[in-house]
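Trainee: Quick one: the structure is below, questions incoming.
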Amino acid sequence: MIDNGSLRSSLLRRKPISAFVAETGAATEGGELKRTIGTFQLTMFGVGATIGTGIFIVLNAAVPEAGPGVIASFAIAGVTAALTALCYAALASMIPVSGSSYSYTYATLGEIVAYAVGWCLLLEYGVSAGAIVVGWGQYLNQVFVDLFDWQLPDAISQPPGSGGYVNIPAVVLVLLCCFLLIRGSRESATVNTIMVILKIGVLVMFIVIGVTAFNSDNLTPFAPFGIAGIGAAASTIFFSFIGIDAVSTAGEEVKDPRRTLPLAIVFALLIVTTLYVLVAIVAVAAQPWEEFEGQEAGLAEILRNITGQTWPSLILSLGAVISLFSVTLVVIYGQTRILFAMGRDGMLPETFHKVDPRTLTPVRNTIIVGLFISLLGALVPLDVLADLTSMGTLVAFAVVSIGVIVLRQRQPDTPRPFRVPFYPVVPLVSIAACIYLIQGLPLNTFLLFAGWLTIAAITYFTYSMKHSRLAQAPPTEEEARLP
Amino acid sequence: MTSGTYLVAYSADSGGRSALALGRMFAAAGGVRLVVCTIVPTTWGYPSLARVDAEYATFLNSFAQQALDEAKAALGDGVAAEYRARAAGSPTEGILELVDEVGADMVVLGSSREGPIGRFAVGSVANSLLHSAPVPVALTPRGYRPSRRAQLRRVTCGYVGTPHSAVTLRAAAELAKRHNVPLRVITAVVRDRQMYPPLVGWQSERMVEEQWRAQARAAQQRALSELPEGTEATAEIVEGSSWDDALDSTDWEDAEVLVIGSSRLGVGARIFLGSNASKIVRSSPVPVVVVPGAE
């Protein structure tokens, strides 16, 4: 039996930054990276990483919760995303390591919290990938409808409970992305830019065409379910803002991070939120809010209904099919790298951080992630996936904000390349906003999340705690201090 | 000293002269018998009153003879070599027949003219030979002209730690032993893989790289310890942002060859270049010896 003191110290052991740095091989190369990224490029990364994860699919889950008030929900979710992104940037600039909030937490709040955050990230990446591929399947079907007036039968394009058995298009997309990742394919900066333009392009097209059907009657009553409904919808919608944390991770290569990081975060979120709000206004003004429930490939469906023609819907659907493909690739990639980081720390079995000698990629890791996401995409309905993603992401974001406060208390004097403005207001409001959004999620999401964390706790106490690298070589208090 | 027979595929052009130069380098220390061959097209042997075909055949024969004479002059008297002209349906066919006949241990091939000087470019003959040769094929970079007295100084083996790669290493060790030169094992860490947008940090690929570096080092040490007793061998990691960079990041002897394995996709003991292998072949500053798979 371990006594309480040593259990406590192993749960709260922190991983030294020097260990992170050694693992990225920075020491062997010598010298710092060149800081090359400016505000504009970074803003583009933020927009590219954020748009596409949700806006194409989230309205049909969110409007039935809030009615036209969904417009306000987008604004609430956007502000929350901005607050948390600032906290992310603060931690990322002090702890320039990969692995996202999992690693930040490991360096600041200790192992057990980091482990839980890692499992939340499985929701932010793995489960959101599941949601994205389901949405992709809907738009693919819309392309078939527009081109051939034919669509895949429900039996093979819907999950059980929605009139089908298995969602084949979702599985196909996941497997395709995994195949590309195993081969070592990467999306280049150029492709990213093209995807950003494509996504913004089809959304603008939706706004321009959709606004011709603007009917203010559809906007009343504005909030059929009151403030609670708007809040609940904001929780669901938060799903469409994940990815914004990607901006903060570029800290090390950013020119003048103190200025560039907050500007890029704010600009990216302004662009994204403006687009989302406009899309939402146009969408809810184009048709009565009751019609959103159960619609598939929502935005395309609206265009089709208001123009009575197929081409606008076809263009939008094609744009969605292409850009959601690229988003899926990037998100699955992110998931494999987070599991890689956890495997490297001994939190997960070694198989997650084995690099295949021929492809130089973590092949088994990618296959496991692919199977997990395929199962989700094939069998679970979209709204459940979206809510679970919001849950995981919000918890991870809240923990990051707490991390900022803890670090300020513990090490007030350590130099910070980027400081959160208006400390402690921003992190505190950020935590409050996350909690507000979390409480708006439906009960079954809480139950699923509780189950999820229970599994996490079991694996932690039966496996990870003993296999943790830090268990073999515990860091001293001095080492665990941030530089 | 173990002896071997190397078949140099000669053609009367720059690529042929490079192949010859590599053949000489292999043979310079003795112990290796060179067979220099040139392949001409078969004629149909179709009886025609004008006997144009026979005339053409005569021309081809004299052409081949002339090429071989040139080769002989270029190689000089110091190197013992046998010269063969062969008529065949295709150069590859002729080379494969001769490999069989003379019991060749390696085929030495020149580059096509499509690539940059100092690098090998895969032409049609190399391509079909790499798909079908049962023995190692040495690919000579374009414009390869070591000094006439150059002798092979070292054999480097590209190694990644797979069972397949172990077969390649055995072949490289054998080659080093035959030529009585030291063996060097290298593994590449190539970082050309930034993902945009980098969702979980710019460092995430570095993390994978570092893991690969650790795995590679361990695999190299294991491999060195499993080499036959008395093999003089060292290990090295080469790094760069591309295969070009990685192969340039290390020192090469003036007379050195790089041994790599062919892809597992090859059928039986045949050679077939995988995507990494073809990049290495295109980027290597020294001749590359491609060895066929194990099965």
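Quick note on naming: the chains in the structure tokens go A, B, ... in the order shown, residues restart at 1 in each chain, and ligands are numbered from 1 in order of appearance.
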Compute the chain A side of the contact with chain B at 8 Å, counting only C-alpha atoms, and hand it back as a PyMOL selection string.
Mentor: chain A and resi 23-25+45-46+48-49+97-100+184-189+192+243+245-246+249-250+252+330-331+334+337-338+340-341+353-355+357-358+360-362
Trainee: Let me see the file: selected residues, N, CA and C atoms, as an mmCIF file, in the first residue's frame.
Mentor:
```cif
data_model
loop_
_atom_site.group_PDB
_atom_site.id
_atom_site.type_symbol
_atom_site.label_atom_id
_atom_site.label_comp_id
_atom_site.auth_asym_id
_atom_site.auth_seq_id
_atom_site.Cartn_x
_atom_site.Cartn_y
_atom_site.Cartn_z
ATOM 1 N N GLU A 23 12.877 16.184 -25.184
ATOM 2 C CA GLU A 23 12.111 15.268 -26.023
ATOM 3 C C GLU A 23 11.857 15.784 -27.425
ATOM 4 N N THR A 24 11.923 17.085 -27.606
ATOM 5 C CA THR A 24 11.746 17.587 -28.968
ATOM 6 C C THR A 24 13.093 17.726 -29.669
ATOM 7 N N GLY A 25 14.161 17.333 -28.972
ATOM 8 C CA GLY A 25 15.461 17.333 -29.625
ATOM 9 C C GLY A 25 15.997 18.721 -29.871
ATOM 10 N N PHE A 45 -3.833 31.092 -39.836
ATOM 11 C CA PHE A 45 -3.798 29.769 -39.204
ATOM 12 C C PHE A 45 -5.004 29.594 -38.303
ATOM 13 N N GLY A 46 -5.270 30.652 -37.537
ATOM 14 C CA GLY A 46 -6.387 30.571 -36.595
ATOM 15 C C GLY A 46 -7.702 30.369 -37.322
ATOM 16 N N GLY A 48 -8.085 29.222 -40.327
ATOM 17 C CA GLY A 48 -8.044 27.919 -40.994
ATOM 18 C C GLY A 48 -8.327 26.776 -40.042
ATOM 19 N N ALA A 49 -7.792 26.889 -38.823
ATOM 20 C CA ALA A 49 -7.964 25.794 -37.875
ATOM 21 C C ALA A 49 -9.370 25.785 -37.283
ATOM 22 N N VAL A 97 5.922 23.777 -25.727
ATOM 23 C CA VAL A 97 6.044 22.348 -26.010
ATOM 24 C C VAL A 97 4.825 21.900 -26.794
ATOM 25 N N SER A 98 4.923 20.713 -27.386
ATOM 26 C CA SER A 98 3.769 20.220 -28.125
ATOM 27 C C SER A 98 2.901 19.390 -27.199
ATOM 28 N N GLY A 99 1.719 19.067 -27.682
ATOM 29 C CA GLY A 99 0.828 18.268 -26.860
ATOM 30 C C GLY A 99 -0.303 19.105 -26.313
ATOM 31 N N SER A 100 -0.293 20.406 -26.652
ATOM 32 C CA SER A 100 -1.401 21.278 -26.309
ATOM 33 C C SER A 100 -1.657 21.303 -24.805
ATOM 34 N N GLY A 184 2.561 9.618 -44.261
ATOM 35 C CA GLY A 184 3.369 10.796 -43.975
ATOM 36 C C GLY A 184 2.949 12.015 -44.769
ATOM 37 N N SER A 185 1.755 11.983 -45.380
ATOM 38 C CA SER A 185 1.281 13.159 -46.113
ATOM 39 C C SER A 185 1.026 14.299 -45.138
ATOM 40 N N ARG A 186 1.300 15.493 -45.575
ATOM 41 C CA ARG A 186 1.069 16.655 -44.741
ATOM 42 C C ARG A 186 0.354 17.713 -45.552
ATOM 43 N N GLU A 187 -0.436 18.494 -44.835
ATOM 44 C CA GLU A 187 -1.074 19.610 -45.514
ATOM 45 C C GLU A 187 -0.111 20.785 -45.449
ATOM 46 N N SER A 188 0.224 21.347 -46.594
ATOM 47 C CA SER A 188 1.214 22.421 -46.615
ATOM 48 C C SER A 188 0.554 23.745 -46.271
ATOM 49 N N ALA A 189 1.389 24.755 -46.035
ATOM 50 C CA ALA A 189 0.873 26.084 -45.732
ATOM 51 C C ALA A 189 0.014 26.592 -46.896
ATOM 52 N N ASN A 192 -3.332 24.965 -46.850
ATOM 53 C CA ASN A 192 -4.098 25.556 -45.760
ATOM 54 C C ASN A 192 -4.735 26.872 -46.201
ATOM 55 N N GLY A 243 -10.218 24.693 -32.139
ATOM 56 C CA GLY A 243 -9.212 24.886 -33.166
ATOM 57 C C GLY A 243 -8.524 26.224 -32.960
ATOM 58 N N ASP A 245 -7.370 27.319 -30.324
ATOM 59 C CA ASP A 245 -6.197 27.127 -29.471
ATOM 60 C C ASP A 245 -4.938 26.839 -30.289
ATOM 61 N N ALA A 246 -5.123 26.465 -31.582
ATOM 62 C CA ALA A 246 -3.961 26.197 -32.428
ATOM 63 C C ALA A 246 -3.095 27.440 -32.584
ATOM 64 N N THR A 249 -0.312 27.784 -30.005
ATOM 65 C CA THR A 249 0.789 26.823 -29.989
ATOM 66 C C THR A 249 1.932 27.222 -30.899
ATOM 67 N N ALA A 250 1.708 28.223 -31.751
ATOM 68 C CA ALA A 250 2.767 28.635 -32.661
ATOM 69 C C ALA A 250 3.735 29.591 -31.991
ATOM 70 N N GLU A 252 6.420 29.834 -30.381
ATOM 71 C CA GLU A 252 7.867 29.898 -30.524
ATOM 72 C C GLU A 252 8.342 30.472 -31.856
ATOM 73 N N VAL A 330 -6.419 17.197 -40.459
ATOM 74 C CA VAL A 330 -5.653 17.939 -39.464
ATOM 75 C C VAL A 330 -6.047 17.530 -38.044
ATOM 76 N N VAL A 331 -7.337 17.314 -37.825
ATOM 77 C CA VAL A 331 -7.795 16.974 -36.474
ATOM 78 C C VAL A 331 -7.325 15.569 -36.074
ATOM 79 N N GLY A 334 -3.807 15.822 -35.166
ATOM 80 C CA GLY A 334 -3.644 16.364 -33.826
ATOM 81 C C GLY A 334 -3.872 15.311 -32.758
ATOM 82 N N ARG A 337 -0.967 12.938 -32.365
ATOM 83 C CA ARG A 337 0.205 13.527 -31.731
ATOM 84 C C ARG A 337 -0.002 13.726 -30.231
ATOM 85 N N ILE A 338 -1.252 13.983 -29.817
ATOM 86 C CA ILE A 338 -1.509 14.094 -28.384
ATOM 87 C C ILE A 338 -1.311 12.733 -27.715
ATOM 88 N N PHE A 340 0.531 10.436 -28.810
ATOM 89 C CA PHE A 340 1.971 10.193 -28.891
ATOM 90 C C PHE A 340 2.664 10.802 -27.671
ATOM 91 N N ALA A 341 2.300 12.061 -27.375
ATOM 92 C CA ALA A 341 2.902 12.738 -26.224
ATOM 93 C C ALA A 341 2.573 11.992 -24.934
ATOM 94 N N HIS A 353 3.680 5.418 -29.006
ATOM 95 C CA HIS A 353 4.770 6.289 -29.447
ATOM 96 C C HIS A 353 5.888 5.519 -30.152
ATOM 97 N N LYS A 354 5.478 4.452 -30.842
ATOM 98 C CA LYS A 354 6.433 3.750 -31.700
ATOM 99 C C LYS A 354 6.370 4.384 -33.094
ATOM 100 N N VAL A 355 7.529 4.701 -33.620
ATOM 101 C CA VAL A 355 7.574 5.269 -34.962
ATOM 102 C C VAL A 355 7.915 4.161 -35.945
ATOM 103 N N PRO A 357 9.614 2.470 -38.921
ATOM 104 C CA PRO A 357 10.857 2.822 -39.604
ATOM 105 C C PRO A 357 10.673 3.153 -41.087
ATOM 106 N N ARG A 358 9.660 2.593 -41.698
ATOM 107 C CA ARG A 358 9.536 2.820 -43.140
ATOM 108 C C ARG A 358 8.844 4.132 -43.458
ATOM 109 N N LEU A 360 8.209 6.522 -41.056
ATOM 110 C CA LEU A 360 8.591 7.524 -40.062
ATOM 111 C C LEU A 360 7.369 8.212 -39.448
ATOM 112 N N THR A 361 6.262 7.487 -39.351
ATOM 113 C CA THR A 361 5.087 8.019 -38.668
ATOM 114 C C THR A 361 4.653 7.010 -37.610
ATOM 115 N N PRO A 362 3.901 7.454 -36.599
ATOM 116 C CA PRO A 362 3.409 6.508 -35.590
ATOM 117 C C PRO A 362 2.231 5.706 -36.160
#
```
Trainee: Could you name the residues that touch region 92-96 of chain A at 10 Å or less, counting only C-alpha atoms, but leaving out those on the same chain fewer than 2 positions away, as a VMD selection string?
Mentor: (chain A and resid 16 to 17 20 to 21 86 to 90 98 to 101 103 to 105 107 to 108 245 247 to 254 257 to 258 261 400 407 414 to 419 482 to 483) or (chain B and resid 201 to 203)
Trainee: Can I get the selection written as a compact mmCIF listing (two decimals), in the first residue's frame, with N, CA and C atoms?
Mentor:
```
# COMPACT_ATOMS: atom_id res chain seq x y z
N PRO A 16 9.12 18.50 -15.67
CA PRO A 16 9.95 19.68 -15.88
C PRO A 16 10.00 20.08 -17.36
N ILE A 17 10.08 21.39 -17.57
CA ILE A 17 10.18 21.89 -18.95
C ILE A 17 11.41 21.32 -19.64
N PHE A 20 10.62 18.26 -21.40
CA PHE A 20 9.90 18.49 -22.66
C PHE A 20 10.86 18.89 -23.76
N VAL A 21 11.76 19.80 -23.40
CA VAL A 21 12.68 20.32 -24.41
C VAL A 21 13.58 19.21 -24.93
N LEU A 86 -6.75 33.50 -25.02
CA LEU A 86 -5.73 34.37 -24.42
C LEU A 86 -5.00 33.62 -23.31
N CYS A 87 -5.75 32.86 -22.51
CA CYS A 87 -5.11 32.07 -21.45
C CYS A 87 -4.19 31.00 -22.05
N TYR A 88 -4.66 30.39 -23.12
CA TYR A 88 -3.83 29.41 -23.83
C TYR A 88 -2.52 30.04 -24.24
N ALA A 89 -2.62 31.23 -24.83
CA ALA A 89 -1.42 31.89 -25.34
C ALA A 89 -0.44 32.17 -24.22
N ALA A 90 -0.97 32.51 -23.05
CA ALA A 90 -0.09 32.80 -21.92
C ALA A 90 0.70 31.56 -21.52
N SER A 98 4.92 20.71 -27.39
CA SER A 98 3.77 20.22 -28.13
C SER A 98 2.90 19.39 -27.20
N GLY A 99 1.72 19.07 -27.68
CA GLY A 99 0.83 18.27 -26.86
C GLY A 99 -0.30 19.11 -26.31
N SER A 100 -0.29 20.41 -26.65
CA SER A 100 -1.40 21.28 -26.31
C SER A 100 -1.66 21.30 -24.80
N SER A 101 -2.92 21.45 -24.40
CA SER A 101 -3.20 21.68 -22.98
C SER A 101 -2.77 20.51 -22.11
N SER A 103 0.08 18.97 -22.21
CA SER A 103 1.44 19.26 -21.76
C SER A 103 1.50 20.46 -20.83
N TYR A 104 0.71 21.51 -21.13
CA TYR A 104 0.72 22.68 -20.25
C TYR A 104 0.31 22.28 -18.85
N THR A 105 -0.72 21.43 -18.79
CA THR A 105 -1.22 21.02 -17.49
C THR A 105 -0.21 20.16 -16.76
N ALA A 107 2.90 20.36 -16.88
CA ALA A 107 3.98 21.17 -16.34
C ALA A 107 3.51 22.07 -15.20
N THR A 108 2.19 22.30 -15.10
CA THR A 108 1.75 23.26 -14.10
C THR A 108 0.91 22.64 -12.98
N ASP A 245 -7.37 27.32 -30.32
CA ASP A 245 -6.20 27.13 -29.47
C ASP A 245 -4.94 26.84 -30.29
N VAL A 247 -3.72 28.61 -32.56
CA VAL A 247 -2.96 29.85 -32.72
C VAL A 247 -1.89 29.96 -31.64
N SER A 248 -2.27 29.64 -30.41
CA SER A 248 -1.36 29.86 -29.30
C SER A 248 -0.16 28.93 -29.35
N THR A 249 -0.31 27.78 -30.00
CA THR A 249 0.79 26.82 -29.99
C THR A 249 1.93 27.22 -30.90
N ALA A 250 1.71 28.22 -31.75
CA ALA A 250 2.77 28.64 -32.66
C ALA A 250 3.73 29.59 -31.99
N GLY A 251 3.52 29.86 -30.69
CA GLY A 251 4.27 30.86 -29.94
C GLY A 251 5.75 30.99 -30.27
N GLU A 252 6.42 29.83 -30.38
CA GLU A 252 7.87 29.90 -30.52
C GLU A 252 8.34 30.47 -31.86
N GLU A 253 7.51 30.40 -32.87
CA GLU A 253 7.96 30.88 -34.17
C GLU A 253 7.37 32.23 -34.52
N VAL A 254 6.67 32.82 -33.54
CA VAL A 254 5.97 34.06 -33.83
C VAL A 254 6.86 35.27 -33.54
N PRO A 257 5.91 37.93 -29.95
CA PRO A 257 4.69 37.23 -29.51
C PRO A 257 3.81 38.08 -28.59
N ARG A 258 4.43 38.97 -27.81
CA ARG A 258 3.66 39.77 -26.86
C ARG A 258 2.55 40.55 -27.59
N LEU A 261 0.53 37.53 -30.73
CA LEU A 261 -0.40 36.49 -30.28
C LEU A 261 -1.79 37.02 -29.98
N VAL A 400 -6.94 25.09 -18.40
CA VAL A 400 -5.84 25.94 -18.85
C VAL A 400 -5.92 27.31 -18.18
N LEU A 407 -0.02 29.49 -11.94
CA LEU A 407 1.36 29.87 -12.24
C LEU A 407 1.69 31.27 -11.75
N THR A 414 8.68 34.87 -12.71
CA THR A 414 9.26 34.30 -13.91
C THR A 414 8.89 35.16 -15.13
N PRO A 415 9.87 35.44 -15.99
CA PRO A 415 9.54 36.26 -17.16
C PRO A 415 8.54 35.55 -18.06
N ARG A 416 7.58 36.30 -18.59
CA ARG A 416 6.56 35.72 -19.46
C ARG A 416 6.59 36.44 -20.80
N PRO A 417 6.85 35.71 -21.88
CA PRO A 417 6.85 36.35 -23.21
C PRO A 417 5.49 36.97 -23.52
N PHE A 418 4.44 36.32 -23.06
CA PHE A 418 3.11 36.89 -23.28
C PHE A 418 2.32 36.80 -21.99
N ARG A 419 1.85 37.93 -21.50
CA ARG A 419 1.06 37.95 -20.26
C ARG A 419 -0.41 38.15 -20.60
N LEU A 482 9.18 26.26 -13.60
CA LEU A 482 9.32 26.72 -14.98
C LEU A 482 10.51 27.66 -15.07
N PRO A 483 11.18 27.69 -16.21
CA PRO A 483 12.37 28.52 -16.34
C PRO A 483 12.02 30.01 -16.30
N GLY B 201 0.70 22.19 -31.87
CA GLY B 201 2.02 22.73 -31.59
C GLY B 201 3.01 22.49 -32.71
N TRP B 202 3.83 23.48 -32.93
CA TRP B 202 4.84 23.38 -33.98
C TRP B 202 5.83 22.30 -33.65
N GLN B 203 5.92 21.98 -32.37
CA GLN B 203 6.94 21.03 -31.94
C GLN B 203 6.51 19.59 -32.15
```
Trainee: Which of these, A:Thr454, A:Thr84, A:Asn60, A:Gln411, has the shortest distance to Val266 (chain A) once you count only C-alpha atoms?
Mentor: A:Thr84
Trainee: With DSSP run on the backbone, what are the strand (DSSP E or B) residues within region 26-126 of chain B? I'd like them as a list in words.
Mentor: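 Matching residues, listed in order: Val32, Arg33, Leu34, Val35, Val36, Cys37, Thr38, Ile39, Val40, Pro41, Ala81, Glu82, Tyr83, Arg84, Ala85, Arg86, Ala87, Ala88, Met106, Val107, Val108 and Leu109 of chain B.
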Trainee: Which is closer to Val63 (chain A) than all the others in A:Thr389, A:Thr359, A:Thr36, A:Ser235, using only C-alpha atoms?
Mentor: A:Ser235
Trainee: Pick out the residues sitting within 7 Å of Ile260 (chain B), and hand them over as an MDAnalysis selection string; count only C-alpha atoms, and ignore anything fewer than 5 positions along from it in its own chain.
Mentor: chainID B and resid 157:158 168 289:291
Trainee: Pull N, CA and C atoms from the residues just selected and write them as a tab-separated table (two decimals), in the first residue's frame.
Mentor:
```
chain	number	residue	atom	x	y	z
B	157	CYS	N	25.88	1.68	-45.17
B	157	CYS	CA	24.60	0.99	-45.35
B	157	CYS	C	23.48	1.82	-44.75
B	158	GLY	N	22.48	2.07	-45.56
B	158	GLY	CA	21.28	2.74	-45.05
B	158	GLY	C	20.44	1.73	-44.29
B	168	THR	N	19.54	-6.21	-45.87
B	168	THR	CA	20.36	-5.24	-46.57
B	168	THR	C	21.71	-5.08	-45.88
B	289	VAL	N	24.22	1.26	-54.14
B	289	VAL	CA	24.06	-0.15	-54.47
B	289	VAL	C	22.70	-0.60	-53.92
B	290	VAL	N	21.80	-0.98	-54.81
B	290	VAL	CA	20.48	-1.42	-54.37
B	290	VAL	C	20.48	-2.94	-54.32
B	291	VAL	N	20.19	-3.49	-53.12
B	291	VAL	CA	20.19	-4.96	-53.01
B	291	VAL	C	18.76	-5.48	-52.99
```
Trainee: Just the residues within 9 Å of Ala116 (chain A), please, counting only C-alpha atoms, with nothing from its chain fewer than 6 positions along; format it as a PyMOL selection string.
Mentor: chain A and resi 102+396+453+456-457
Trainee: Quick one: residues within 8 Å of Ala300 (chain A), only C-alpha atoms counted, chain neighbours fewer than 3 positions away excluded, as a ChimeraX atom specification?
Mentor: /A:139,142,297,303-304,312-314,316-317
Trainee: For the selection you just gave me, I'd like the residues written to a file as an mmCIF file, in the first residue's frame, keeping N, CA and C atoms.
Mentor:
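part-v1.cif, freshly written:
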```cif
data_model
loop_
_atom_site.group_PDB
_atom_site.id
_atom_site.type_symbol
_atom_site.label_atom_id
_atom_site.label_comp_id
_atom_site.auth_asym_id
_atom_site.auth_seq_id
_atom_site.Cartn_x
_atom_site.Cartn_y
_atom_site.Cartn_z
ATOM 1 N N TYR A 139 -22.991 16.224 -46.320
ATOM 2 C CA TYR A 139 -22.762 17.098 -47.481
ATOM 3 C C TYR A 139 -22.435 16.283 -48.724
ATOM 4 N N GLN A 142 -25.577 15.339 -50.098
ATOM 5 C CA GLN A 142 -26.198 16.483 -50.750
ATOM 6 C C GLN A 142 -25.633 16.656 -52.164
ATOM 7 N N ALA A 297 -27.160 18.357 -43.840
ATOM 8 C CA ALA A 297 -26.407 19.270 -44.694
ATOM 9 C C ALA A 297 -27.131 20.616 -44.706
ATOM 10 N N LEU A 303 -30.167 26.766 -48.983
ATOM 11 C CA LEU A 303 -29.943 27.380 -50.303
ATOM 12 C C LEU A 303 -30.865 26.757 -51.344
ATOM 13 N N ARG A 304 -30.999 25.458 -51.294
ATOM 14 C CA ARG A 304 -31.824 24.739 -52.241
ATOM 15 C C ARG A 304 -33.291 25.166 -52.120
ATOM 16 N N PRO A 312 -26.507 26.379 -56.382
ATOM 17 C CA PRO A 312 -25.885 26.991 -55.189
ATOM 18 C C PRO A 312 -25.615 25.941 -54.113
ATOM 19 N N SER A 313 -26.584 25.041 -53.955
ATOM 20 C CA SER A 313 -26.419 23.994 -52.965
ATOM 21 C C SER A 313 -25.257 23.073 -53.332
ATOM 22 N N LEU A 314 -25.121 22.817 -54.638
ATOM 23 C CA LEU A 314 -24.044 21.942 -55.095
ATOM 24 C C LEU A 314 -22.672 22.562 -54.797
ATOM 25 N N LEU A 316 -21.911 24.857 -52.573
ATOM 26 C CA LEU A 316 -21.668 24.882 -51.135
ATOM 27 C C LEU A 316 -21.306 23.494 -50.621
ATOM 28 N N SER A 317 -22.035 22.489 -51.119
ATOM 29 C CA SER A 317 -21.762 21.129 -50.634
ATOM 30 C C SER A 317 -20.382 20.658 -51.057
#
```
Trainee: Would you pick out the contacts of Ala255 (chain B) at 10 Å or less, using only C-alpha atoms, so that residues sharing its chain but fewer than 2 positions from it are not included, and give the list as a ChimeraX atom specification?
Mentor: /B:22,25-26,146-147,150-155,252-253,257,286-287
Trainee: Store the residues picked out above in a file with N, CA and C atoms, as a CSV table (one decimal), in the first residue's frame.
Mentor:
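As a result, out26.csv now contains:
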```csv
chain,number,residue,atom,x,y,z
B,22,LEU,N,33.3,3.4,-62.0
B,22,LEU,CA,32.9,2.7,-60.7
B,22,LEU,C,33.4,1.2,-60.7
B,25,MET,N,36.9,1.2,-59.8
B,25,MET,CA,37.1,1.5,-58.4
B,25,MET,C,36.9,0.2,-57.6
B,26,PHE,N,35.9,-0.6,-58.0
B,26,PHE,CA,35.6,-1.8,-57.3
B,26,PHE,C,36.8,-2.8,-57.5
B,146,PRO,N,36.0,9.2,-60.5
B,146,PRO,CA,37.0,9.2,-59.4
B,146,PRO,C,38.4,9.1,-60.1
B,147,SER,N,39.5,9.3,-59.4
B,147,SER,CA,40.8,9.2,-60.0
B,147,SER,C,41.1,7.8,-60.4
B,150,ALA,N,41.8,5.4,-57.7
B,150,ALA,CA,40.9,5.3,-56.5
B,150,ALA,C,40.5,3.8,-56.3
B,151,GLN,N,40.5,3.5,-55.0
B,151,GLN,CA,40.0,2.2,-54.5
B,151,GLN,C,38.9,2.4,-53.6
B,152,LEU,N,37.9,1.5,-53.5
B,152,LEU,CA,36.8,1.6,-52.6
B,152,LEU,C,37.4,1.7,-51.2
B,153,ARG,N,36.9,2.8,-50.4
B,153,ARG,CA,37.4,3.0,-49.1
B,153,ARG,C,36.5,2.6,-48.0
B,154,ARG,N,35.2,2.7,-48.3
B,154,ARG,CA,34.2,2.4,-47.2
B,154,ARG,C,32.9,2.0,-47.8
B,155,VAL,N,32.2,1.2,-47.1
B,155,VAL,CA,30.8,0.8,-47.5
B,155,VAL,C,29.9,1.4,-46.5
B,252,TRP,N,31.5,12.0,-46.8
B,252,TRP,CA,31.6,10.8,-47.6
B,252,TRP,C,33.1,10.7,-48.1
B,253,GLU,N,33.5,9.5,-48.1
B,253,GLU,CA,34.9,9.3,-48.6
B,253,GLU,C,34.8,9.5,-50.1
B,257,VAL,N,30.5,3.8,-51.3
B,257,VAL,CA,29.2,3.5,-51.9
B,257,VAL,C,28.2,3.4,-50.8
B,286,VAL,N,27.0,9.8,-53.6
B,286,VAL,CA,27.9,8.7,-54.0
B,286,VAL,C,27.1,7.6,-54.7
B,287,PRO,N,27.8,6.6,-55.4
B,287,PRO,CA,27.1,5.6,-56.0
B,287,PRO,C,26.2,4.8,-55.0
```
Trainee: Show me, as a PyMOL selection string, the residues that have an atom within 10 Å of Glu290 (chain A) when counting only C-alpha atoms, minus same-chain residues fewer than 2 positions from it.
Mentor: chain A and resi 60+63-65+67-68+218+284+287-288+292-294
